$ cat protein.cif   # mmCIF, C-alpha atoms and all ligand atoms
data_query
loop_
_atom_site.label_atom_id
_atom_site.label_comp_id
_atom_site.auth_asym_id
_atom_site.auth_seq_id
_atom_site.Cartn_x
_atom_site.Cartn_y
_atom_site.Cartn_z
CA MET A 12 24.34 -7.90 3.83
CA ASN A 13 27.39 -5.67 4.20
CA SER A 14 26.01 -2.94 6.43
CA LYS A 15 28.85 -0.53 5.59
CA LYS A 16 27.73 -0.23 1.99
CA LYS A 17 25.10 2.35 1.19
CA ILE A 18 22.05 0.81 -0.49
CA LEU A 19 21.19 2.55 -3.76
CA LYS A 20 17.76 1.00 -4.18
CA GLY A 21 15.18 3.39 -2.80
CA LEU A 22 17.09 6.56 -3.74
CA SER A 23 15.35 9.08 -5.97
CA LEU A 24 17.11 10.47 -9.04
CA GLU A 25 18.30 13.55 -7.11
CA GLU A 26 19.56 11.44 -4.22
CA LEU A 27 21.40 9.17 -6.66
CA GLN A 28 23.02 12.21 -8.28
CA GLU A 29 24.25 13.44 -4.91
CA THR A 30 25.51 10.02 -3.92
CA LEU A 31 27.47 9.56 -7.15
CA THR A 32 29.06 13.00 -7.01
CA GLU A 33 30.25 12.10 -3.50
CA ILE A 34 32.42 9.35 -5.04
CA GLY A 35 33.62 11.68 -7.80
CA GLU A 36 31.29 10.49 -10.58
CA LYS A 37 29.37 12.55 -13.11
CA LYS A 38 25.70 13.30 -12.49
CA PHE A 39 24.45 11.68 -15.72
CA ARG A 40 25.50 8.31 -14.37
CA ALA A 41 22.59 8.61 -11.96
CA SER A 42 19.97 8.35 -14.72
CA GLN A 43 21.67 5.26 -16.11
CA ILE A 44 21.59 3.54 -12.73
CA PHE A 45 18.04 4.79 -12.06
CA ASN A 46 16.93 3.20 -15.32
CA TRP A 47 18.67 -0.10 -14.61
CA MET A 48 17.20 -0.38 -11.12
CA TYR A 49 13.65 0.80 -11.55
CA ASN A 50 12.90 0.18 -15.20
CA LYS A 51 15.02 -2.82 -16.13
CA HIS A 52 14.76 -4.33 -12.63
CA VAL A 53 18.33 -5.62 -12.43
CA THR A 54 19.44 -7.05 -9.11
CA SER A 55 23.23 -6.64 -9.47
CA PHE A 56 25.67 -4.00 -10.76
CA GLU A 57 27.10 -6.73 -12.98
CA GLN A 58 23.91 -6.63 -15.10
CA MET A 59 24.26 -2.89 -15.86
CA SER A 60 25.82 -3.69 -19.21
CA ASN A 61 26.23 -0.19 -20.63
CA LEU A 62 28.52 0.81 -17.75
CA SER A 63 32.25 0.12 -17.97
CA LYS A 64 33.69 -2.80 -16.06
CA ASP A 65 35.73 -0.47 -13.86
CA PHE A 66 32.71 1.64 -12.98
CA ARG A 67 30.65 -1.42 -12.14
CA GLN A 68 33.47 -2.57 -9.88
CA LYS A 69 33.57 0.84 -8.19
CA LEU A 70 29.82 0.69 -7.61
CA ASN A 71 30.17 -2.78 -6.18
CA ASP A 72 32.95 -1.66 -3.82
CA ASN A 73 30.95 1.30 -2.50
CA PHE A 74 27.30 0.38 -2.75
CA SER A 75 24.77 -2.40 -2.54
CA LEU A 76 21.50 -3.09 -4.37
CA LEU A 77 20.26 -5.60 -1.88
CA THR A 78 17.22 -4.94 0.27
CA LEU A 79 14.87 -7.94 0.27
CA THR A 80 15.83 -11.59 -0.21
CA ASN A 81 14.45 -15.11 -0.13
CA VAL A 82 11.30 -14.63 -2.10
CA THR A 83 8.74 -17.37 -1.79
CA VAL A 84 5.58 -17.41 -3.87
CA ASN A 85 2.23 -18.84 -2.89
CA GLN A 86 -0.35 -19.33 -5.65
CA SER A 87 -4.04 -19.32 -4.76
CA LYS A 88 -5.86 -22.43 -5.97
CA THR A 89 -9.16 -20.67 -6.48
CA THR A 90 -8.06 -17.36 -8.03
CA LYS A 91 -5.01 -16.04 -9.87
CA THR A 92 -3.84 -14.21 -6.76
CA GLN A 93 -0.22 -14.77 -5.71
CA LYS A 94 1.23 -13.98 -2.32
CA PHE A 95 4.94 -13.15 -2.05
CA LEU A 96 6.87 -13.55 1.15
CA PHE A 97 10.15 -11.64 1.50
CA GLU A 98 12.88 -11.59 4.10
CA THR A 99 14.48 -8.33 5.26
CA TYR A 100 18.12 -7.80 6.32
CA ASP A 101 17.10 -8.15 9.98
CA ILE A 102 15.31 -11.44 9.24
CA ARG A 103 11.81 -10.05 9.38
CA LYS A 104 9.14 -11.30 7.00
CA ILE A 105 6.94 -9.08 4.88
CA GLU A 106 4.27 -9.82 2.29
CA SER A 107 3.07 -8.46 -1.03
CA VAL A 108 0.17 -9.68 -3.12
CA ILE A 109 -0.33 -9.71 -6.89
CA ILE A 110 -3.99 -9.63 -7.90
CA PRO A 111 -4.72 -10.18 -11.61
CA ASP A 112 -8.18 -9.09 -12.78
CA GLY A 113 -8.59 -9.11 -16.55
CA ASP A 114 -6.05 -6.72 -18.01
CA ARG A 115 -5.38 -5.21 -14.63
CA ILE A 116 -2.51 -6.58 -12.52
CA THR A 117 -2.50 -4.96 -9.10
CA LEU A 118 0.40 -5.08 -6.68
CA CYS A 119 -0.63 -4.68 -3.05
CA LEU A 120 2.46 -3.73 -1.07
CA SER A 121 3.48 -3.36 2.56
CA THR A 122 4.98 -0.27 4.21
CA GLN A 123 5.73 -1.55 7.71
CA VAL A 124 6.63 -4.81 9.42
CA GLY A 125 3.42 -5.27 11.38
CA CYS A 126 1.25 -2.26 12.18
CA PRO A 127 0.77 -0.08 15.27
CA LEU A 128 -2.90 0.76 14.62
CA ASP A 129 -4.59 -2.31 16.09
CA CYS A 130 -7.74 -2.15 13.94
CA LYS A 131 -9.96 -4.83 15.39
CA PHE A 132 -10.83 -6.50 12.07
CA CYS A 133 -7.30 -6.71 10.68
CA ALA A 134 -4.86 -9.60 11.13
CA THR A 135 -1.78 -7.41 10.72
CA GLY A 136 -2.74 -5.46 13.86
CA LEU A 137 -2.62 -8.68 15.85
CA MET A 138 1.10 -9.16 15.21
CA GLY A 139 2.00 -5.76 16.64
CA TYR A 140 4.43 -3.27 15.15
CA LYS A 141 8.10 -3.98 14.45
CA ARG A 142 9.48 -1.23 12.24
CA ASN A 143 9.04 0.97 9.17
CA LEU A 144 10.21 -0.33 5.80
CA SER A 145 12.74 1.78 3.92
CA ALA A 146 11.81 3.23 0.54
CA GLY A 147 14.17 0.62 -0.95
CA GLU A 148 12.27 -2.20 0.71
CA ILE A 149 8.98 -0.78 -0.57
CA VAL A 150 10.27 -0.33 -4.12
CA ASP A 151 11.89 -3.77 -4.05
CA GLN A 152 8.47 -5.38 -3.58
CA TYR A 153 7.60 -3.91 -6.98
CA ILE A 154 10.90 -4.93 -8.59
CA LEU A 155 11.02 -8.48 -7.25
CA THR A 156 7.36 -9.27 -7.95
CA SER A 157 7.78 -7.80 -11.47
CA LEU A 158 10.61 -10.28 -12.05
CA GLU A 159 8.37 -13.20 -11.08
CA ILE A 160 5.33 -12.52 -13.27
CA PRO A 161 6.39 -12.02 -16.93
CA PRO A 162 4.92 -11.75 -19.46
CA GLN A 163 2.46 -9.97 -17.20
CA LYS A 164 3.28 -6.45 -16.00
CA ILE A 165 2.07 -4.63 -12.94
CA THR A 166 -0.50 -2.02 -14.01
CA ASN A 167 -1.64 -0.72 -10.59
CA ILE A 168 -0.04 -0.29 -7.19
CA VAL A 169 -2.01 -0.11 -3.96
CA TYR A 170 -0.47 0.67 -0.57
CA MET A 171 -2.85 -1.72 1.18
CA GLY A 172 -0.60 -4.46 2.52
CA MET A 173 0.86 -4.59 5.99
CA GLY A 174 1.25 -1.34 7.87
CA GLU A 175 -0.01 2.24 7.81
CA PRO A 176 1.70 4.10 4.92
CA LEU A 177 1.20 7.54 6.44
CA LEU A 178 2.90 6.52 9.68
CA ASN A 179 5.92 5.66 7.53
CA TYR A 180 5.64 8.93 5.70
CA GLN A 181 9.23 9.27 4.51
CA GLY A 182 9.43 5.71 3.18
CA THR A 183 6.05 6.07 1.49
CA LEU A 184 6.84 9.47 -0.01
CA ASN A 185 10.24 8.43 -1.37
CA SER A 186 8.83 5.24 -2.89
CA LEU A 187 6.00 7.26 -4.49
CA LYS A 188 8.52 9.69 -5.97
CA ILE A 189 10.26 6.73 -7.60
CA PHE A 190 7.09 5.01 -8.81
CA THR A 191 5.67 8.20 -10.32
CA ASP A 192 8.88 9.12 -12.11
CA GLU A 193 8.22 8.65 -15.80
CA LYS A 194 11.57 6.91 -16.21
CA SER A 195 10.73 4.10 -13.78
CA THR A 196 7.46 2.15 -13.75
CA GLY A 197 5.71 4.07 -16.51
CA LEU A 198 2.55 4.02 -14.36
CA SER A 199 0.35 7.08 -14.26
CA ARG A 200 -0.41 8.68 -10.90
CA GLN A 201 -4.00 7.54 -11.25
CA LYS A 202 -2.86 3.92 -11.08
CA ILE A 203 -1.24 4.35 -7.68
CA THR A 204 -3.35 4.43 -4.51
CA VAL A 205 -2.24 5.11 -0.96
CA SER A 206 -4.64 3.68 1.60
CA THR A 207 -4.78 5.13 5.09
CA ALA A 208 -6.73 4.63 8.27
CA GLY A 209 -6.58 8.44 8.51
CA ILE A 210 -3.59 10.48 9.72
CA PRO A 211 -4.83 14.05 9.04
CA HIS A 212 -1.57 16.05 9.02
CA ARG A 213 0.03 13.49 6.72
CA ILE A 214 -2.94 13.59 4.36
CA VAL A 215 -2.31 17.34 4.12
CA ASP A 216 1.42 16.75 3.56
CA LEU A 217 0.68 14.25 0.80
CA ALA A 218 -1.76 16.68 -0.79
CA ASP A 219 0.93 19.38 -0.73
CA SER A 220 3.65 17.05 -2.05
CA GLY A 221 2.44 17.56 -5.61
CA LEU A 222 2.50 13.82 -6.30
CA ARG A 223 -1.25 13.67 -6.93
CA VAL A 224 -1.62 9.93 -6.41
CA LYS A 225 -5.01 8.53 -5.43
CA LEU A 226 -6.02 8.41 -1.80
CA ALA A 227 -8.17 5.75 -0.15
CA LEU A 228 -9.56 6.22 3.33
CA SER A 229 -10.39 3.13 5.37
CA LEU A 230 -13.72 4.43 6.62
CA HIS A 231 -15.66 1.40 7.93
CA SER A 232 -18.12 3.61 9.79
CA CYS A 233 -19.46 7.16 9.54
CA PHE A 234 -20.07 7.26 13.30
CA ASP A 235 -17.30 8.16 15.76
CA GLU A 236 -18.67 5.89 18.54
CA ILE A 237 -18.45 2.86 16.25
CA ARG A 238 -15.24 3.80 14.52
CA ASN A 239 -13.62 4.29 17.95
CA GLN A 240 -14.44 0.70 18.82
CA ILE A 241 -13.09 -0.92 15.67
CA MET A 242 -10.30 1.55 14.84
CA PRO A 243 -8.61 2.94 17.99
CA ILE A 244 -6.83 5.62 15.90
CA ASN A 245 -10.23 7.34 15.58
CA GLU A 246 -10.02 8.38 19.23
CA LYS A 247 -7.06 10.54 18.27
CA TYR A 248 -8.29 11.82 14.91
CA SER A 249 -12.06 12.17 14.64
CA LEU A 250 -14.14 11.81 11.50
CA LYS A 251 -14.75 15.56 11.43
CA GLU A 252 -11.04 16.25 11.18
CA LEU A 253 -10.59 13.51 8.59
CA LYS A 254 -13.41 14.85 6.43
CA GLU A 255 -11.78 18.27 6.32
CA THR A 256 -8.41 16.87 5.31
CA ILE A 257 -9.68 14.49 2.66
CA ARG A 258 -11.74 17.29 1.14
CA TYR A 259 -8.53 19.32 1.01
CA TYR A 260 -6.75 16.36 -0.58
CA SER A 261 -9.42 16.01 -3.23
CA GLU A 262 -9.34 19.74 -4.03
CA GLN A 263 -5.56 20.00 -4.17
CA THR A 264 -5.04 16.91 -6.30
CA LYS A 265 -8.27 17.06 -8.31
CA THR A 266 -8.86 13.38 -7.58
CA ARG A 267 -11.76 11.45 -6.15
CA ILE A 268 -11.33 9.88 -2.73
CA THR A 269 -12.00 6.16 -2.40
CA PHE A 270 -13.67 5.06 0.83
CA GLU A 271 -13.00 1.50 1.90
CA TYR A 272 -15.75 -0.14 3.86
CA THR A 273 -15.43 -3.64 5.27
CA MET A 274 -18.86 -5.10 6.01
CA LEU A 275 -19.21 -6.15 9.65
CA LYS A 276 -22.44 -7.79 10.67
CA GLY A 277 -24.62 -5.67 12.93
CA ILE A 278 -21.90 -3.02 13.26
CA ASN A 279 -21.79 -1.03 10.05
CA ASP A 280 -24.37 -2.69 7.79
CA ARG A 281 -27.53 -1.03 9.15
CA ASP A 282 -29.98 1.25 7.30
CA GLU A 283 -28.64 4.29 9.15
CA ASP A 284 -25.19 3.46 7.77
CA ILE A 285 -26.58 3.69 4.22
CA LYS A 286 -27.96 7.15 5.04
CA ALA A 287 -24.69 8.36 6.55
CA ILE A 288 -22.56 7.03 3.67
CA THR A 289 -24.85 8.73 1.17
CA LYS A 290 -24.50 12.04 2.97
CA LEU A 291 -20.72 11.73 3.13
CA CYS A 292 -20.33 10.70 -0.51
CA ARG A 293 -22.47 13.64 -1.62
CA SER A 294 -20.26 16.08 0.26
CA ILE A 295 -16.88 14.96 -1.13
CA PRO A 296 -15.92 13.81 -4.67
CA SER A 297 -15.65 10.12 -3.92
CA LYS A 298 -16.61 6.52 -4.45
CA ILE A 299 -16.95 3.67 -2.01
CA ASN A 300 -15.45 0.18 -2.14
CA ILE A 301 -17.58 -2.31 -0.26
CA ILE A 302 -15.36 -5.15 0.98
CA PRO A 303 -16.67 -8.45 2.34
CA PHE A 304 -15.04 -9.08 5.73
CA ASN A 305 -12.43 -11.84 5.76
CA SER A 306 -12.57 -13.57 9.07
CA ILE A 307 -9.45 -13.42 11.25
CA LYS A 308 -10.78 -15.97 13.75
CA HIS A 309 -8.03 -18.45 12.78
CA MET A 310 -5.59 -16.07 14.49
CA ALA A 311 -7.43 -16.56 17.79
CA PRO A 312 -7.91 -12.91 18.64
CA ASP A 313 -9.49 -11.78 21.89
CA GLY A 314 -11.85 -8.92 22.76
CA ILE A 315 -14.09 -7.43 20.11
CA SER A 316 -11.97 -8.98 17.30
CA ALA A 317 -13.16 -12.44 18.33
CA GLU A 318 -16.78 -11.38 17.96
CA LEU A 319 -16.66 -9.85 14.50
CA GLU A 320 -18.72 -11.63 11.84
CA PRO A 321 -19.05 -10.97 8.12
CA THR A 322 -22.29 -9.48 6.83
CA GLU A 323 -24.16 -12.08 4.74
CA MET A 324 -23.79 -11.69 0.97
CA GLU A 325 -27.52 -11.08 0.56
CA ARG A 326 -27.35 -8.04 2.87
CA ILE A 327 -24.18 -6.80 1.18
CA ASN A 328 -25.95 -6.87 -2.19
CA GLN A 329 -28.97 -5.09 -0.75
CA PHE A 330 -26.75 -2.48 0.95
CA THR A 331 -24.87 -1.89 -2.31
CA ASP A 332 -28.11 -1.60 -4.33
CA GLU A 333 -29.53 0.92 -1.86
CA LEU A 334 -26.43 3.07 -2.15
CA ARG A 335 -26.54 2.90 -5.96
CA LYS A 336 -30.19 3.99 -5.92
CA LYS A 337 -29.04 7.07 -4.06
CA ASN A 338 -26.48 7.75 -6.81
CA VAL A 339 -23.47 6.82 -4.74
CA THR A 340 -20.64 5.32 -6.84
CA VAL A 341 -20.12 1.87 -5.37
CA MET A 342 -17.68 -0.93 -6.15
CA LEU A 343 -18.26 -4.33 -4.62
CA ARG A 344 -14.89 -5.91 -4.15
CA ASP A 345 -14.32 -9.67 -4.55
CA THR A 346 -12.57 -11.57 -1.86
CA GLN A 347 -9.37 -12.57 -3.62
CA GLY A 348 -6.98 -15.21 -2.41
CA ASP A 349 -8.44 -15.95 1.01
CA ASP A 350 -7.30 -19.58 0.69
CA ILE A 351 -3.68 -18.37 0.99
CA ALA A 352 -4.48 -15.62 3.52
CA ALA A 353 -3.63 -13.02 0.87
CA ALA A 354 -6.97 -11.25 1.07
CA CYS A 355 -7.44 -7.85 2.69
CA GLY A 356 -6.54 -7.77 6.33
CA GLN A 357 -5.16 -11.30 6.39
CA LEU A 358 -1.52 -10.34 5.99
CA ALA A 359 0.33 -11.41 9.10
CA ILE A 360 3.17 -13.79 9.54
CA LYS A 361 3.59 -16.05 12.50
CA GLU A 362 7.41 -15.83 12.51
CA ASN A 363 7.21 -12.13 13.33
CA VAL A 364 4.83 -12.46 16.24
N1 LIG B 1 -3.30 0.92 7.08
C1 LIG B 1 -3.87 1.15 5.79
C2 LIG B 1 -3.55 0.08 4.75
C3 LIG B 1 -3.75 -1.38 5.14
S1 LIG B 1 -5.38 -1.97 5.23
C4 LIG B 1 -5.35 1.37 5.91
O1 LIG B 1 -5.91 1.22 7.00
O2 LIG B 1 -5.98 1.75 4.93
C5 LIG B 1 -5.96 -2.17 3.64
C6 LIG B 1 -7.48 -2.39 3.56
O3 LIG B 1 -7.90 -3.68 4.01
C7 LIG B 1 -8.22 -1.41 4.42
O4 LIG B 1 -9.35 -0.86 3.84
C8 LIG B 1 -8.61 -2.28 5.57
O5 LIG B 1 -9.56 -1.71 6.33
C9 LIG B 1 -9.02 -3.55 4.88
N2 LIG B 1 -9.13 -4.72 5.77
C10 LIG B 1 -8.39 -4.93 6.86
N3 LIG B 1 -8.74 -6.08 7.46
C11 LIG B 1 -9.71 -6.63 6.71
C12 LIG B 1 -10.44 -7.87 6.80
N4 LIG B 1 -10.22 -8.74 7.79
N5 LIG B 1 -11.37 -8.14 5.85
C13 LIG B 1 -11.56 -7.27 4.84
N6 LIG B 1 -10.90 -6.10 4.71
C14 LIG B 1 -9.97 -5.77 5.62
#

$ encode --input "protein.cif" --output "structure tokens" --more "lines below"
Ligand code: SAH
Amino acid sequence: MNSKKKILKGLSLEELQETLTEIGEKKFRASQIFNWMYNKHVTSFEQMSNLSKDFRQKLNDNFSLLTLTNVTVNQSKTTKTQKFLFETYDIRKIESVIIPDGDRITLCLSTQVGCPLDCKFCATGLMGYKRNLSAGEIVDQYILTSLEIPPQKITNIVYMGMGEPLLNYQGTLNSLKIFTDEKSTGLSRQKITVSTAGIPHRIVDLADSGLRVKLALSLHSCFDEIRNQIMPINEKYSLKELKETIRYYSEQTKTRITFEYTMLKGINDRDEDIKAITKLCRSIPSKINIIPFNSIKHMAPDGISAELEPTEMERINQFTDELRKKNVTVMLRDTQGDDIAAACGQLAIKENV
């Protein structure tokens, strides 16, 4: 990559307008380029066929469209899930996953190389944290996977891959601005979900941003003592603080919060957990996604991570039924693509470690 050239991918419409006026071009050019990048998914200026040859040359001389390269695709043998591996300019590897489910095609994308949170059940935490992804690198996961899957089209985007989106707030926000622009993906805000382990001031910022995308909170326990053990970030931001901010988010955006809850044997699958979840779900407009735990033992973790076991399916079904009886809205999520380590919490790449 030529590091002197400014990368246009990842710029919002306003930023593109500013950038083009800096090289003496008219503002309306920005919408043309915006459309080519984010709607038509071109990967070179050459392909922007309604722009004059001279203008394309000028763009080429000043700017670049390149963010991610060397895509490799891994197809699950047991499900339709596909895992995409990308290389960044600094030779890091990141992953995205495409999960088809009937008419719904969900893209699960990454926001950081690695993750600083160190959640004890998550493989990404084990590889440590390298850096934030730029908005261009986040958006490119959408563009490059879109190019690989026709005639299918991505219908949903979830920020649930590697990294903590709200610790890369600028990259996440800019990519959301692009995805929610009606001239890019055509996806409604309700089809885009940001998942967070819980960074309260950023939840408030996102609520105030006006973007009104859906928010998922990785809950995993309603008890601080337990959450502290499996999610060290809870020692900094307690459940009480999180509850206040997600309630604010729900009120501001008029959306329901999704709680994510990975079932860990003997840790968060007890009867008292059912009671606590019921109380929480009654107090905030919400639903809960129950996720079977995908073992990360193959990564040879130490400490508590090495001891974590999945709750048996029979108990998961019972747990889910109990919650439903108490009128909690529950989704039981399938484990998708665990044969290619593309399932939740299995995204980690040896080369980065
Ligand atoms: N940092 C963000 C997004 C990444 S995690 C967050 O914490 O929400 C995306 C989801 O996968 C979270 O709900 C997470 O808790 C869940 N997850 C992580 N590891 C898992 C595992 N080994 N098995 C099942 N789900 C897991």

$ closest_atom_pairs --input "protein.cif" --of "chain A" --to "ligand LIG 1 (chain B)" --cutoff "7 Å" --atoms "all atoms listed in the file" --output "tab-separated table"
residue	atom	partner	partner_atom	distance
A:Phe132	CA	B:LIG1	N4	4.9
A:Cys133	CA	B:LIG1	N3	3.6
A:Ala134	CA	B:LIG1	N4	6.4
A:Tyr170	CA	B:LIG1	C2	6.2
A:Met171	CA	B:LIG1	C5	4.0
A:Gly172	CA	B:LIG1	C3	5.1
A:Met173	CA	B:LIG1	C3	5.7
A:Gly174	CA	B:LIG1	N1	5.1
A:Glu175	CA	B:LIG1	N1	3.6
A:Pro176	CA	B:LIG1	N1	6.3
A:Ser206	CA	B:LIG1	O2	4.1
A:Thr207	CA	B:LIG1	O2	3.6
A:Ala208	CA	B:LIG1	O1	3.7
A:Ala227	CA	B:LIG1	O2	6.8
A:Leu228	CA	B:LIG1	O2	5.9
A:Ser229	CA	B:LIG1	O4	4.4
A:Glu271	CA	B:LIG1	O4	4.8
A:Tyr272	CA	B:LIG1	O4	6.4
A:Thr273	CA	B:LIG1	N6	5.2
A:Ile302	CA	B:LIG1	C13	5.8
A:Pro303	CA	B:LIG1	C13	5.8
A:Phe304	CA	B:LIG1	N5	3.8
A:Asn305	CA	B:LIG1	N5	3.8
A:Ser306	CA	B:LIG1	N4	5.5
A:Ile307	CA	B:LIG1	N4	5.9
A:Cys355	CA	B:LIG1	N6	4.4
A:Gly356	CA	B:LIG1	N3	3.0
A:Gln357	CA	B:LIG1	N4	5.8

$ atom_distance --input "protein.cif" --atom1 "CA of Arg223 (chain A)" --atom2 "CA of Phe190 (chain A)"
12.2 Å

$ closest_residue --input "protein.cif" --among "A:Phe45, A:Tyr180, A:Tyr248, A:Phe56" --to "Ala146 (chain A)" --atoms "only C-alpha atoms"
A:Tyr180

$ atom_distance --input "protein.cif" --atom1 "CA of Phe330 (chain A)" --atom2 "CA of Thr89 (chain A)"
26.4 Å

$ closest_atom_pairs --input "protein.cif" --of "region 106-153 of chain A" --to "region 234-246 of chain A" --cutoff "12 Å" --atoms "only C-alpha atoms" --output "Markdown table"
| residue | atom | partner | partner_atom | distance |
| --- | --- | --- | --- | --- |
| A:Cys126 | CA | A:Ile244 | CA | 11.9 |
| A:Pro127 | CA | A:Ile244 | CA | 9.5 |
| A:Leu128 | CA | A:Ile244 | CA | 6.4 |
| A:Asp129 | CA | A:Pro243 | CA | 6.9 |
| A:Cys130 | CA | A:Met242 | CA | 4.6 |
| A:Lys131 | CA | A:Ile241 | CA | 5.0 |
| A:Phe132 | CA | A:Ile241 | CA | 7.0 |
| A:Cys133 | CA | A:Ile241 | CA | 9.6 |
| A:Gly136 | CA | A:Met242 | CA | 10.4 |

$ atom_distance --input "protein.cif" --atom1 "CA of Leu155 (chain A)" --atom2 "CA of Ser195 (chain A)"
14.2 Å

$ closest_residue --input "protein.cif" --among "A:Ile102, A:Met48, A:Leu291, A:Leu222" --to "Thr196 (chain A)" --atoms "all atoms listed in the file"
A:Met48

$ closest_residue --input "protein.cif" --among "A:Asp65, A:Glu106, A:Asp284, A:Glu26" --to "Leu144 (chain A)" --atoms "all atoms listed in the file"
A:Glu106

$ residues_around --input "protein.cif" --residues "Asp192 (chain A)" --least-positions-apart "5" --cutoff "9 Å" --atoms "all atoms listed in the file" --output "number ranges by chain"
A: 23-24, 187, 197-198

$ residues_around --input "protein.cif" --residues "Asn61 (chain A)" --least-positions-apart "6" --cutoff "12 Å" --atoms "all atoms listed in the file" --output "ChimeraX atom specification"
/A:40,43-44,46-47,67

$ residues_around --input "protein.cif" --residues "Thr204 (chain A)" --least-positions-apart "4" --cutoff "8 Å" --atoms "all atoms listed in the file" --output "list in words"
Ile168, Val169, Tyr170, Val224, Lys225, Leu226 and Ala227 of chain A

$ closest_residue --input "protein.cif" --among "A:Leu253, A:Leu77, A:Val341, A:Ile105" --to "Thr289 (chain A)" --atoms "all atoms listed in the file"
A:Val341

$ closest_residue --input "protein.cif" --among "A:Phe39, A:Tyr140, A:Lys308, A:Thr54" --to "Pro321 (chain A)" --atoms "only C-alpha atoms"
A:Lys308

$ closest_residue --input "protein.cif" --among "A:Ile203, A:Leu137, A:Ile34, A:Ile160" --to "Ile110 (chain A)" --atoms "all atoms listed in the file"
A:Ile160

$ residues_around --input "protein.cif" --residues "Lys15 (chain A)" --least-positions-apart "6" --cutoff "10 Å" --atoms "only C-alpha atoms" --output "NGL selection string"
:A and (73-75)

$ write_last_selection --input "protein.cif" --atoms "C-alpha atoms" --output "PDB file, keeping the file's coordinate frame"
ATOM      1  CA  ASN A  73      30.950   1.300  -2.500  1.00  0.00           C
ATOM      2  CA  PHE A  74      27.300   0.380  -2.750  1.00  0.00           C
ATOM      3  CA  SER A  75      24.770  -2.400  -2.540  1.00  0.00           C
TER       4      SER A  75
END

$ residues_near_point --input "protein.cif" --point "(14.6, -8.3, 6.0)" --cutoff "12 Å" --atoms "only C-alpha atoms" --output "VMD selection string"
chain A and resid 12 77 to 82 96 to 106 123 to 124 141 to 145 147 to 149 151 to 152 363

$ build_atoms --input "protein.cif" --residues "region 300-310 of chain A" --atoms "N, CA, C and O atoms" --output "tab-separated table (two decimals), in the coordinates of the input"
chain	number	residue	atom	x	y	z
A	300	ASN	N	-15.72	1.59	-1.90
A	300	ASN	CA	-15.45	0.18	-2.14
A	300	ASN	C	-16.04	-0.62	-0.99
A	300	ASN	O	-15.59	-0.46	0.15
A	301	ILE	N	-17.00	-1.44	-1.30
A	301	ILE	CA	-17.58	-2.31	-0.26
A	301	ILE	C	-16.78	-3.63	-0.27
A	301	ILE	O	-16.62	-4.27	-1.31
A	302	ILE	N	-16.25	-3.99	0.90
A	302	ILE	CA	-15.36	-5.15	0.98
A	302	ILE	C	-15.97	-6.20	1.92
A	302	ILE	O	-16.22	-5.90	3.09
A	303	PRO	N	-16.21	-7.41	1.42
A	303	PRO	CA	-16.67	-8.45	2.34
A	303	PRO	C	-15.59	-8.71	3.39
A	303	PRO	O	-14.40	-8.72	3.07
A	304	PHE	N	-16.00	-8.88	4.63
A	304	PHE	CA	-15.04	-9.08	5.73
A	304	PHE	C	-14.44	-10.48	5.66
A	304	PHE	O	-15.16	-11.47	5.58
A	305	ASN	N	-13.13	-10.56	5.69
A	305	ASN	CA	-12.43	-11.84	5.76
A	305	ASN	C	-12.15	-12.15	7.22
A	305	ASN	O	-11.43	-11.40	7.88
A	306	SER	N	-12.70	-13.23	7.66
A	306	SER	CA	-12.57	-13.57	9.07
A	306	SER	C	-11.10	-13.69	9.50
A	306	SER	O	-10.26	-14.15	8.73
A	307	ILE	N	-10.82	-13.25	10.71
A	307	ILE	CA	-9.45	-13.42	11.25
A	307	ILE	C	-9.50	-14.34	12.48
A	307	ILE	O	-8.58	-14.37	13.29
A	308	LYS	N	-10.60	-15.10	12.57
A	308	LYS	CA	-10.78	-15.97	13.75
A	308	LYS	C	-9.68	-17.01	13.89
A	308	LYS	O	-9.34	-17.41	15.00
A	309	HIS	N	-9.10	-17.43	12.73
A	309	HIS	CA	-8.03	-18.45	12.78
A	309	HIS	C	-6.81	-17.95	13.54
A	309	HIS	O	-5.94	-18.71	13.90
A	310	MET	N	-6.74	-16.62	13.76
A	310	MET	CA	-5.59	-16.07	14.49
A	310	MET	C	-5.87	-15.99	15.99
A	310	MET	O	-5.09	-15.43	16.75
